[in-house]
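S.K.: Got a structure for you, run-v5.json, holding JSON, C-alpha atoms.
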[["chain", "number", "residue", "atom", "x", "y", "z"],
["A", 16, "MET", "CA", 105.33, 135.70, 107.76],
["A", 17, "SER", "CA", 103.60, 132.36, 107.27],
["A", 18, "VAL", "CA", 104.46, 128.81, 106.17],
["A", 19, "THR", "CA", 102.08, 126.30, 104.55],
["A", 20, "VAL", "CA", 102.64, 122.54, 104.64],
["A", 21, "ARG", "CA", 100.65, 119.95, 102.69],
["A", 22, "VAL", "CA", 100.09, 116.56, 104.38],
["A", 23, "PRO", "CA", 98.50, 113.37, 103.02],
["A", 24, "ALA", "CA", 95.85, 110.95, 104.21],
["A", 25, "LYS", "CA", 96.73, 107.29, 104.69],
["A", 26, "VAL", "CA", 95.21, 103.89, 104.17],
["A", 27, "ASN", "CA", 96.29, 100.83, 106.12],
["A", 28, "VAL", "CA", 96.87, 98.07, 103.58],
["A", 29, "GLN", "CA", 97.62, 95.74, 106.48],
["A", 30, "LEU", "CA", 96.77, 96.24, 110.14],
["A", 31, "ALA", "CA", 97.81, 93.30, 112.29],
["A", 32, "VAL", "CA", 96.97, 93.79, 115.97],
["A", 33, "GLY", "CA", 98.43, 91.97, 118.94],
["A", 34, "ALA", "CA", 96.97, 91.47, 122.41],
["A", 35, "VAL", "CA", 96.54, 94.46, 124.71],
["A", 36, "ARG", "CA", 99.78, 95.41, 126.51],
["A", 37, "SER", "CA", 100.18, 96.35, 130.17],
["A", 38, "ASP", "CA", 100.22, 100.05, 129.16],
["A", 39, "GLY", "CA", 96.87, 99.71, 127.38],
["A", 40, "PHE", "CA", 98.34, 99.91, 123.86],
["A", 41, "HIS", "CA", 98.59, 97.04, 121.36],
["A", 42, "ASP", "CA", 101.63, 95.93, 119.38],
["A", 43, "LEU", "CA", 100.97, 96.42, 115.69],
["A", 44, "ALA", "CA", 102.28, 95.49, 112.28],
["A", 45, "ASN", "CA", 100.81, 98.43, 110.42],
["A", 46, "VAL", "CA", 101.55, 98.85, 106.72],
["A", 47, "PHE", "CA", 100.80, 102.46, 105.81],
["A", 48, "LEU", "CA", 100.30, 103.85, 102.31],
["A", 49, "ALA", "CA", 99.94, 107.62, 101.89],
["A", 50, "VAL", "CA", 97.29, 108.64, 99.35],
["A", 51, "GLY", "CA", 96.59, 111.85, 97.48],
["A", 52, "LEU", "CA", 93.97, 113.44, 99.72],
["A", 53, "TYR", "CA", 95.57, 116.37, 101.52],
["A", 54, "ASP", "CA", 95.11, 118.86, 104.31],
["A", 55, "GLU", "CA", 97.06, 122.11, 104.15],
["A", 56, "VAL", "CA", 98.29, 123.57, 107.42],
["A", 57, "THR", "CA", 99.35, 127.24, 107.48],
["A", 58, "VAL", "CA", 101.09, 128.76, 110.50],
["A", 59, "THR", "CA", 101.44, 132.52, 110.87],
["A", 60, "GLU", "CA", 103.13, 134.55, 113.58],
["A", 61, "ALA", "CA", 100.50, 135.78, 116.07],
["A", 62, "ASP", "CA", 100.03, 137.21, 119.56],
["A", 63, "GLU", "CA", 98.84, 133.87, 120.96],
["A", 64, "LEU", "CA", 98.26, 130.27, 119.91],
["A", 65, "ARG", "CA", 94.97, 129.76, 118.11],
["A", 66, "VAL", "CA", 93.54, 127.27, 115.62],
["A", 67, "THR", "CA", 91.02, 127.78, 112.81],
["A", 68, "CYS", "CA", 89.72, 125.30, 110.26],
["A", 69, "ALA", "CA", 87.79, 125.39, 106.98],
["A", 70, "GLY", "CA", 86.75, 122.79, 104.42],
["A", 71, "HIS", "CA", 85.24, 119.29, 104.56],
["A", 72, "ASP", "CA", 83.86, 118.40, 108.02],
["A", 73, "ALA", "CA", 85.54, 121.49, 109.51],
["A", 74, "GLY", "CA", 82.81, 121.81, 112.13],
["A", 75, "GLN", "CA", 83.92, 118.51, 113.67],
["A", 76, "VAL", "CA", 87.53, 119.64, 114.22],
["A", 77, "PRO", "CA", 88.44, 120.76, 117.77],
["A", 78, "LEU", "CA", 89.92, 124.25, 117.84],
["A", 79, "ASP", "CA", 91.38, 124.14, 121.36],
["A", 80, "ARG", "CA", 94.69, 122.77, 122.60],
["A", 81, "THR", "CA", 93.52, 119.17, 122.24],
["A", 82, "ASN", "CA", 93.96, 119.58, 118.46],
["A", 83, "LEU", "CA", 97.11, 117.73, 117.43],
["A", 84, "ALA", "CA", 98.25, 120.72, 115.39],
["A", 85, "ALA", "CA", 98.14, 122.91, 118.49],
["A", 86, "ARG", "CA", 99.86, 120.24, 120.55],
["A", 87, "ALA", "CA", 102.64, 119.99, 117.94],
["A", 88, "ALA", "CA", 103.30, 123.72, 118.21],
["A", 89, "LEU", "CA", 103.31, 123.54, 122.01],
["A", 90, "VAL", "CA", 105.78, 120.65, 122.17],
["A", 91, "LEU", "CA", 108.21, 122.13, 119.62],
["A", 92, "ALA", "CA", 108.08, 125.54, 121.32],
["A", 93, "GLU", "CA", 108.73, 124.03, 124.75],
["A", 94, "ARG", "CA", 111.69, 122.01, 123.50],
["A", 95, "HIS", "CA", 113.28, 125.11, 121.96],
["A", 96, "GLY", "CA", 112.49, 127.58, 124.72],
["A", 97, "ARG", "CA", 110.11, 129.85, 122.88],
["A", 98, "ARG", "CA", 106.45, 130.83, 123.03],
["A", 99, "PRO", "CA", 104.00, 128.94, 120.77],
["A", 100, "ASP", "CA", 102.44, 132.16, 119.49],
["A", 101, "VAL", "CA", 101.10, 131.17, 116.07],
["A", 102, "HIS", "CA", 97.80, 131.14, 114.25],
["A", 103, "ILE", "CA", 97.34, 127.62, 112.83],
["A", 104, "HIS", "CA", 94.86, 127.39, 109.97],
["A", 105, "ILE", "CA", 93.83, 123.97, 108.67],
["A", 106, "ALA", "CA", 92.37, 123.70, 105.17],
["A", 107, "LYS", "CA", 90.59, 120.35, 105.57],
["A", 108, "ASP", "CA", 90.16, 117.84, 102.79],
["A", 109, "ILE", "CA", 90.96, 114.57, 104.63],
["A", 110, "PRO", "CA", 87.80, 113.05, 106.16],
["A", 111, "VAL", "CA", 87.42, 113.69, 109.90],
["A", 112, "ALA", "CA", 87.27, 110.70, 112.29],
["A", 113, "GLY", "CA", 87.42, 108.41, 109.28],
["A", 114, "GLY", "CA", 90.40, 106.16, 109.95],
["A", 115, "MET", "CA", 92.56, 108.07, 107.45],
["A", 116, "ALA", "CA", 94.78, 109.91, 109.98],
["A", 117, "GLY", "CA", 93.45, 113.41, 109.26],
["A", 118, "GLY", "CA", 94.17, 114.66, 112.76],
["A", 119, "SER", "CA", 97.59, 113.04, 112.72],
["A", 120, "ALA", "CA", 98.32, 114.67, 109.37],
["A", 121, "ASP", "CA", 97.46, 118.07, 110.84],
["A", 122, "GLY", "CA", 99.82, 117.44, 113.76],
["A", 123, "ALA", "CA", 102.66, 116.53, 111.42],
["A", 124, "GLY", "CA", 101.89, 119.48, 109.15],
["A", 125, "ALA", "CA", 101.85, 121.98, 112.00],
["A", 126, "LEU", "CA", 105.11, 120.56, 113.36],
["A", 127, "ALA", "CA", 106.90, 120.90, 110.01],
["A", 128, "ALA", "CA", 105.41, 124.36, 109.45],
["A", 129, "CYS", "CA", 106.41, 125.67, 112.90],
["A", 130, "ASP", "CA", 109.91, 124.26, 112.47],
["A", 131, "ALA", "CA", 110.24, 126.16, 109.19],
["A", 132, "LEU", "CA", 108.61, 129.37, 110.51],
["A", 133, "TRP", "CA", 110.69, 129.49, 113.68],
["A", 134, "GLY", "CA", 113.93, 128.28, 112.12],
["A", 135, "THR", "CA", 114.37, 125.72, 114.89],
["A", 136, "ASN", "CA", 116.16, 123.39, 112.44],
["A", 137, "ALA", "CA", 115.04, 120.30, 114.33],
["A", 138, "SER", "CA", 116.63, 117.10, 113.07],
["A", 139, "SER", "CA", 114.46, 114.46, 111.42],
["A", 140, "ASP", "CA", 115.00, 112.27, 114.49],
["A", 141, "GLU", "CA", 113.71, 115.02, 116.80],
["A", 142, "LEU", "CA", 110.70, 115.67, 114.58],
["A", 143, "LEU", "CA", 109.86, 111.96, 114.49],
["A", 144, "ASP", "CA", 110.30, 111.76, 118.27],
["A", 145, "ILE", "CA", 107.82, 114.62, 118.74],
["A", 146, "CYS", "CA", 105.45, 112.97, 116.28],
["A", 147, "ALA", "CA", 105.56, 109.71, 118.27],
["A", 148, "GLU", "CA", 104.80, 111.69, 121.43],
["A", 149, "LEU", "CA", 101.74, 113.18, 119.73],
["A", 150, "GLY", "CA", 100.26, 109.90, 118.48],
["A", 151, "SER", "CA", 100.90, 106.54, 116.84],
["A", 152, "ASP", "CA", 100.00, 107.65, 113.29],
["A", 153, "VAL", "CA", 101.70, 111.06, 113.35],
["A", 154, "PRO", "CA", 105.23, 109.89, 112.39],
["A", 155, "PHE", "CA", 103.94, 108.34, 109.17],
["A", 156, "SER", "CA", 102.06, 111.53, 108.26],
["A", 157, "LEU", "CA", 105.40, 113.32, 108.37],
["A", 158, "VAL", "CA", 107.28, 110.87, 106.11],
["A", 159, "GLY", "CA", 104.55, 109.63, 103.73],
["A", 160, "GLY", "CA", 105.17, 107.15, 100.93],
["A", 161, "ALA", "CA", 104.79, 103.66, 102.37],
["A", 162, "ALA", "CA", 106.12, 102.26, 105.61],
["A", 163, "LEU", "CA", 105.80, 99.42, 108.08],
["A", 164, "GLY", "CA", 104.91, 100.69, 111.54],
["A", 165, "THR", "CA", 105.71, 98.49, 114.52],
["A", 166, "GLY", "CA", 105.47, 98.99, 118.29],
["A", 167, "ARG", "CA", 102.17, 100.86, 118.57],
["A", 168, "GLY", "CA", 102.73, 101.95, 114.94],
["A", 169, "GLU", "CA", 105.22, 104.75, 115.59],
["A", 170, "LYS", "CA", 108.44, 102.86, 114.74],
["A", 171, "LEU", "CA", 108.72, 103.16, 110.97],
["A", 172, "ARG", "CA", 110.59, 101.24, 108.30],
["A", 173, "PRO", "CA", 110.22, 102.80, 104.82],
["A", 174, "LEU", "CA", 108.97, 100.44, 102.13],
["A", 175, "GLU", "CA", 109.64, 100.39, 98.40],
["A", 176, "VAL", "CA", 106.59, 100.77, 96.16],
["A", 177, "GLY", "CA", 106.91, 99.75, 92.52],
["A", 178, "GLY", "CA", 103.82, 101.41, 91.06],
["A", 179, "THR", "CA", 100.70, 103.47, 91.62],
["A", 180, "PHE", "CA", 97.67, 102.05, 93.41],
["A", 181, "HIS", "CA", 94.20, 103.47, 92.79],
["A", 182, "TRP", "CA", 91.64, 103.72, 95.59],
["A", 183, "VAL", "CA", 88.03, 104.70, 96.21],
["A", 184, "PHE", "CA", 87.08, 105.78, 99.73],
["A", 185, "ALA", "CA", 83.51, 105.72, 101.03],
["A", 186, "MET", "CA", 82.76, 107.93, 104.04],
["A", 187, "ALA", "CA", 80.16, 106.82, 106.55],
["A", 188, "ASP", "CA", 77.81, 109.03, 108.54],
["A", 189, "GLY", "CA", 79.51, 109.93, 111.81],
["A", 190, "GLY", "CA", 82.84, 108.75, 113.13],
["A", 191, "LEU", "CA", 84.12, 105.78, 115.08],
["A", 192, "SER", "CA", 86.21, 106.25, 118.21],
["A", 193, "THR", "CA", 89.59, 104.53, 117.79],
["A", 194, "PRO", "CA", 89.75, 103.60, 121.52],
["A", 195, "ALA", "CA", 86.22, 102.16, 121.28],
["A", 196, "VAL", "CA", 87.20, 100.01, 118.29],
["A", 197, "PHE", "CA", 90.26, 98.68, 120.13],
["A", 198, "ARG", "CA", 88.10, 97.92, 123.20],
["A", 199, "GLU", "CA", 85.72, 95.98, 120.95],
["A", 200, "PHE", "CA", 88.71, 94.14, 119.44],
["A", 201, "ASP", "CA", 89.74, 93.14, 122.96],
["A", 202, "ARG", "CA", 86.20, 92.05, 123.81],
["A", 203, "LEU", "CA", 85.83, 89.94, 120.67],
["A", 204, "GLY", "CA", 89.24, 88.33, 121.28],
["A", 205, "GLU", "CA", 88.71, 87.64, 124.97],
["A", 206, "GLY", "CA", 89.75, 84.10, 125.87],
["A", 207, "THR", "CA", 91.49, 83.48, 122.53],
["A", 208, "ASP", "CA", 95.20, 83.27, 121.76],
["A", 209, "ILE", "CA", 96.01, 86.40, 119.77],
["A", 210, "PRO", "CA", 99.21, 85.91, 117.74],
["A", 211, "GLU", "CA", 102.09, 88.38, 117.57],
["A", 212, "PRO", "CA", 101.47, 90.82, 114.72],
["A", 213, "VAL", "CA", 103.76, 90.39, 111.72],
["A", 214, "ALA", "CA", 103.79, 91.98, 108.28],
["A", 215, "SER", "CA", 102.67, 89.80, 105.39],
["A", 216, "GLU", "CA", 105.57, 88.96, 103.08],
["A", 217, "ASP", "CA", 103.12, 88.56, 100.19],
["A", 218, "LEU", "CA", 101.75, 92.05, 100.82],
["A", 219, "LEU", "CA", 105.19, 93.65, 101.06],
["A", 220, "ALA", "CA", 106.20, 91.92, 97.83],
["A", 221, "ALA", "CA", 103.04, 93.15, 96.09],
["A", 222, "LEU", "CA", 103.83, 96.74, 97.12],
["A", 223, "GLU", "CA", 107.41, 96.46, 95.93],
["A", 224, "LYS", "CA", 106.36, 95.04, 92.55],
["A", 225, "GLY", "CA", 103.43, 97.44, 92.10],
["A", 226, "ASP", "CA", 101.17, 94.40, 91.64],
["A", 227, "THR", "CA", 97.60, 95.57, 92.24],
["A", 228, "ALA", "CA", 95.99, 92.12, 92.00],
["A", 229, "ALA", "CA", 98.46, 90.62, 94.48],
["A", 230, "LEU", "CA", 97.97, 93.54, 96.86],
["A", 231, "ALA", "CA", 94.20, 93.10, 96.66],
["A", 232, "ALA", "CA", 94.58, 89.44, 97.65],
["A", 233, "ALA", "CA", 96.73, 90.35, 100.64],
["A", 234, "LEU", "CA", 94.79, 93.28, 102.19],
["A", 235, "THR", "CA", 93.86, 92.62, 105.85],
["A", 236, "ASN", "CA", 92.67, 94.60, 108.85],
["A", 237, "ASP", "CA", 92.41, 92.89, 112.23],
["A", 238, "LEU", "CA", 90.24, 95.77, 113.49],
["A", 239, "GLN", "CA", 87.60, 95.23, 110.79],
["A", 240, "PRO", "CA", 85.46, 92.74, 112.78],
["A", 241, "ALA", "CA", 85.39, 95.18, 115.70],
["A", 242, "ALA", "CA", 84.46, 98.11, 113.44],
["A", 243, "LEU", "CA", 81.69, 96.03, 111.81],
["A", 244, "SER", "CA", 80.44, 94.97, 115.24],
["A", 245, "LEU", "CA", 80.08, 98.61, 116.27],
["A", 246, "ARG", "CA", 78.81, 99.78, 112.86],
["A", 247, "PRO", "CA", 77.11, 96.81, 111.06],
["A", 248, "SER", "CA", 76.00, 99.05, 108.18],
["A", 249, "LEU", "CA", 79.62, 99.15, 106.94],
["A", 250, "ALA", "CA", 79.09, 95.61, 105.62],
["A", 251, "ASP", "CA", 76.59, 97.01, 103.10],
["A", 252, "THR", "CA", 79.13, 99.57, 101.90],
["A", 253, "LEU", "CA", 81.81, 96.90, 101.52],
["A", 254, "ALA", "CA", 79.38, 94.70, 99.54],
["A", 255, "ALA", "CA", 78.37, 97.60, 97.28],
["A", 256, "GLY", "CA", 81.97, 98.45, 96.42],
["A", 257, "ARG", "CA", 82.89, 94.87, 95.62],
["A", 258, "ALA", "CA", 79.75, 94.40, 93.54],
["A", 259, "ALA", "CA", 80.73, 97.51, 91.54],
["A", 260, "GLY", "CA", 84.04, 95.94, 90.52],
["A", 261, "ALA", "CA", 86.53, 96.78, 93.27],
["A", 262, "LEU", "CA", 89.30, 94.19, 93.49],
["A", 263, "ALA", "CA", 89.10, 94.31, 97.29],
["A", 264, "GLY", "CA", 87.59, 96.39, 100.05],
["A", 265, "LEU", "CA", 88.30, 96.84, 103.74],
["A", 266, "VAL", "CA", 87.68, 99.17, 106.63],
["A", 267, "SER", "CA", 90.46, 101.77, 106.72],
["A", 268, "GLY", "CA", 92.22, 101.59, 110.09],
["A", 269, "SER", "CA", 89.69, 101.86, 112.90],
["A", 270, "GLY", "CA", 87.07, 103.12, 110.42],
["A", 271, "PRO", "CA", 84.43, 104.02, 109.61],
["A", 272, "THR", "CA", 85.79, 104.93, 106.15],
["A", 273, "THR", "CA", 85.90, 101.95, 103.81],
["A", 274, "ALA", "CA", 88.69, 101.68, 101.24],
["A", 275, "PHE", "CA", 88.42, 99.93, 97.88],
["A", 276, "LEU", "CA", 91.42, 98.98, 95.76],
["A", 277, "VAL", "CA", 90.67, 99.15, 92.05],
["A", 278, "ALA", "CA", 92.57, 98.27, 88.89],
["A", 279, "ASP", "CA", 93.04, 101.75, 87.43],
["A", 280, "ALA", "CA", 91.71, 105.31, 87.31],
["A", 281, "GLU", "CA", 88.82, 104.35, 84.99],
["A", 282, "SER", "CA", 87.72, 101.61, 87.37],
["A", 283, "ALA", "CA", 87.93, 104.09, 90.24],
["A", 284, "GLY", "CA", 85.38, 106.31, 88.50],
["A", 285, "THR", "CA", 83.02, 103.39, 87.93],
["A", 286, "VAL", "CA", 83.20, 102.17, 91.53],
["A", 287, "ALA", "CA", 82.86, 105.70, 92.90],
["A", 288, "ARG", "CA", 79.68, 106.31, 90.88],
["A", 289, "ALA", "CA", 78.16, 103.02, 92.03],
["A", 290, "LEU", "CA", 78.95, 103.76, 95.66],
["A", 291, "ARG", "CA", 77.41, 107.24, 95.42],
["A", 292, "GLU", "CA", 74.24, 105.69, 94.00],
["A", 293, "SER", "CA", 74.16, 102.82, 96.52],
["A", 294, "GLY", "CA", 72.85, 104.87, 99.43],
["A", 295, "THR", "CA", 75.30, 103.11, 101.75],
["A", 296, "CYS", "CA", 77.63, 106.08, 102.42],
["A", 297, "ARG", "CA", 77.49, 109.86, 102.73],
["A", 298, "ALA", "CA", 80.39, 110.75, 100.40],
["A", 299, "VAL", "CA", 82.93, 109.15, 98.08],
["A", 300, "ARG", "CA", 86.48, 110.20, 97.25],
["A", 301, "VAL", "CA", 89.03, 108.89, 94.73],
["A", 302, "ALA", "CA", 92.79, 108.99, 95.32],
["A", 303, "ALA", "CA", 96.02, 107.23, 94.36],
["A", 304, "GLY", "CA", 99.13, 106.34, 96.29],
["A", 305, "PRO", "CA", 101.86, 106.45, 97.29],
["A", 306, "ALA", "CA", 101.89, 110.18, 98.04],
["A", 307, "PRO", "CA", 104.67, 112.28, 99.59],
["A", 308, "GLY", "CA", 104.67, 113.14, 103.29],
["A", 309, "ALA", "CA", 104.59, 116.60, 104.84],
["A", 310, "THR", "CA", 105.77, 119.08, 102.18],
["A", 311, "VAL", "CA", 106.44, 122.80, 102.58],
["A", 312, "LEU", "CA", 104.64, 124.62, 99.76]]
Starting from the file, give its structure as structure tokens.

M.R.:
Amino acid sequence: MSVTVRVPAKVNVQLAVGAVRSDGFHDLANVFLAVGLYDEVTVTEADELRVTCAGHDAGQVPLDRTNLAARAALVLAERHGRRPDVHIHIAKDIPVAGGMAGGSADGAGALAACDALWGTNASSDELLDICAELGSDVPFSLVGGAALGTGRGEKLRPLEVGGTFHWVFAMADGGLSTPAVFREFDRLGEGTDIPEPVASEDLLAALEKGDTAALAAALTNDLQPAALSLRPSLADTLAAGRAAGALAGLVSGSGPTTAFLVADAESAGTVARALRESGTCRAVRVAAGPAPGATVL
């Protein structure tokens, strides 16, 4: 018997970052929007826990117990007093190490799939608690849609979205380490007064109204200067997307994927073609949001 769960990528339409805390994390005001790029995670009963992966960038995915999908199975099994003997197969379509929460999506997908396969009937609160234990972005991968994440991003408040937003994503060569980007954020902010992170009321209103132009005007990412400091070439990608007609562009999360908000599906095609021809990125994807969270197929 096996269970397959589909899980979406995300873009951060706002990422406000506070000063480093005593535990090494940062308080965030993180506005997530799930978009229609998906991984599919299939779990099948097996003699032992193992992970396989196929698809885009599959060679970069760890197949040991550091993989968030494996860790999800281990935590759920331990909580319910059973062995984590499953084969987890990840069909990869979300960019790896790209700031789009691909690993987090796989963790959420494996958790939902194991819960269904094993009949553990975990409550939504328990599943979200396990997700938060796995990582800051994992809870949102489970719920999808749009949400404001506070704390280190794991405390979620669902948000209303009044329309569909069209995006073009440009993938850079190689990844960017999230911890390295946060360290660079701390270095760049050293000696300055970093304000408490708060969600933009204008941005939340734009989401609720489905107002693409207003959302474009409100997009922000406090980690973008750090990502650009570590990977200056991303500035060329951002310039190419804007020159092609994107309403706005920003680094997605900790990067190095850059995300461009466009007016409609036709504009997405135009911007995607220009980015492919620009020579500033290795691949381009088009998607729209919001998208549903982890879904059993």

S.K.: Find, counting all atoms listed in the file, the residue in A:Thr272, A:Asn82, A:Ser282, A:Thr310 that gets nearest to A:Val20.

M.R.: A:Thr310

S.K.: Need to verify the contact set: stretch 84-92 of chain A, 10 Å, all atoms listed in the file, exclusion of same-chain residues closer than 6 positions in sequence. Can you return it as number ranges by chain?

M.R.: A: 56, 58, 64-66, 77-78, 98-105, 118-130, 133, 135, 137, 141-142, 145-146, 148-149

S.K.: Dump as JSON lines the rows for residues of stretch 182-276 of chain A within 8 Å of stretch 300-304 of chain A: closest atom pair and distance in Å with one decimal, all atoms listed in the file counted, ordered by chain and rising residue number.

M.R.:
{"residue": "A:Trp182", "atom": "CA", "partner": "A:Ala302", "partner_atom": "CA", "distance": 5.4}
{"residue": "A:Val183", "atom": "CA", "partner": "A:Val301", "partner_atom": "CA", "distance": 4.6}
{"residue": "A:Phe184", "atom": "CA", "partner": "A:Arg300", "partner_atom": "CA", "distance": 5.1}
{"residue": "A:Ala185", "atom": "CA", "partner": "A:Arg300", "partner_atom": "CA", "distance": 6.6}

S.K.: With a distance cut-off of 12 Å and only C-alpha atoms, select the neighbouring residues of A:Ala161, excluding the residue or stretch itself and same-chain residues fewer than 2 positions from it, and output the selection as a PyMOL selection string.

M.R.: chain A and resi 23-29+45-50+154-159+163-164+171-180+219+222-223+304-308

S.K.: Selected residues, C-alpha atoms, written as an mmCIF file, in the frame of the given file, please.

M.R.:
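Heads up, here's the output in result36.cif:
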data_model
loop_
_atom_site.group_PDB
_atom_site.id
_atom_site.type_symbol
_atom_site.label_atom_id
_atom_site.label_comp_id
_atom_site.auth_asym_id
_atom_site.auth_seq_id
_atom_site.Cartn_x
_atom_site.Cartn_y
_atom_site.Cartn_z
ATOM 1 C CA PRO A 23 98.500 113.370 103.020
ATOM 2 C CA ALA A 24 95.850 110.950 104.210
ATOM 3 C CA LYS A 25 96.730 107.290 104.690
ATOM 4 C CA VAL A 26 95.210 103.890 104.170
ATOM 5 C CA ASN A 27 96.290 100.830 106.120
ATOM 6 C CA VAL A 28 96.870 98.070 103.580
ATOM 7 C CA GLN A 29 97.620 95.740 106.480
ATOM 8 C CA ASN A 45 100.810 98.430 110.420
ATOM 9 C CA VAL A 46 101.550 98.850 106.720
ATOM 10 C CA PHE A 47 100.800 102.460 105.810
ATOM 11 C CA LEU A 48 100.300 103.850 102.310
ATOM 12 C CA ALA A 49 99.940 107.620 101.890
ATOM 13 C CA VAL A 50 97.290 108.640 99.350
ATOM 14 C CA PRO A 154 105.230 109.890 112.390
ATOM 15 C CA PHE A 155 103.940 108.340 109.170
ATOM 16 C CA SER A 156 102.060 111.530 108.260
ATOM 17 C CA LEU A 157 105.400 113.320 108.370
ATOM 18 C CA VAL A 158 107.280 110.870 106.110
ATOM 19 C CA GLY A 159 104.550 109.630 103.730
ATOM 20 C CA LEU A 163 105.800 99.420 108.080
ATOM 21 C CA GLY A 164 104.910 100.690 111.540
ATOM 22 C CA LEU A 171 108.720 103.160 110.970
ATOM 23 C CA ARG A 172 110.590 101.240 108.300
ATOM 24 C CA PRO A 173 110.220 102.800 104.820
ATOM 25 C CA LEU A 174 108.970 100.440 102.130
ATOM 26 C CA GLU A 175 109.640 100.390 98.400
ATOM 27 C CA VAL A 176 106.590 100.770 96.160
ATOM 28 C CA GLY A 177 106.910 99.750 92.520
ATOM 29 C CA GLY A 178 103.820 101.410 91.060
ATOM 30 C CA THR A 179 100.700 103.470 91.620
ATOM 31 C CA PHE A 180 97.670 102.050 93.410
ATOM 32 C CA LEU A 219 105.190 93.650 101.060
ATOM 33 C CA LEU A 222 103.830 96.740 97.120
ATOM 34 C CA GLU A 223 107.410 96.460 95.930
ATOM 35 C CA GLY A 304 99.130 106.340 96.290
ATOM 36 C CA PRO A 305 101.860 106.450 97.290
ATOM 37 C CA ALA A 306 101.890 110.180 98.040
ATOM 38 C CA PRO A 307 104.670 112.280 99.590
ATOM 39 C CA GLY A 308 104.670 113.140 103.290
#

S.K.: Quick one: residues within 10 Å of A:Thr285, all atoms listed in the file counted, chain neighbours fewer than 2 positions away excluded, as an MDAnalysis selection string?

M.R.: chainID A and resid 183 256 259:261 277 280:283 287:290

S.K.: Quick one: pull the distance between atom CA of A:Ala228 and atom CA of A:Leu276, Å, one decimal.

M.R.: 9.1 Å

S.K.: Select, from A:Arg167, A:His41, A:Arg21, A:Arg80, the residue with the minimum atom-to-atom distance to A:Lys107, counting all atoms listed in the file.

M.R.: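 For A:Lys107, the nearest of the candidates is A:Arg21.
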
S.K.: Could you tell me, as a ChimeraX atom specification, which residues have any atom at most 7 Å from (92.5, 96.3, 107.5), counting only C-alpha atoms?

M.R.: /A:27-30,234-239,265-268

S.K.: Given only C-alpha atoms as the basis, pick out the residue of A:Thr57, A:Asp42, A:Thr295, A:Pro271 nearest to A:Leu132.

M.R.: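 Answer, going by the shortest atom-to-atom distance: A:Thr57.
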
S.K.: Which residue is closest to A:Gln75? Choose from A:Ala250, A:Ala112, A:Ala221, A:Ala263 and count only C-alpha atoms.

M.R.: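 Counting only C-alpha atoms, the residue closest to A:Gln75 is A:Ala112.
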
S.K.: Rounded to one decimal in Å, what is the spacing between atom CA of A:Leu243 and atom CA of A:Leu203?

M.R.: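 It comes out at 11.5 Å.
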
S.K.: What does the distance from atom CA of A:Ser244 to atom CA of A:Ser192 come to in Å, to one decimal?

M.R.: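 Separating atom CA of A:Ser244 from atom CA of A:Ser192 is a distance of 13.0 Å.
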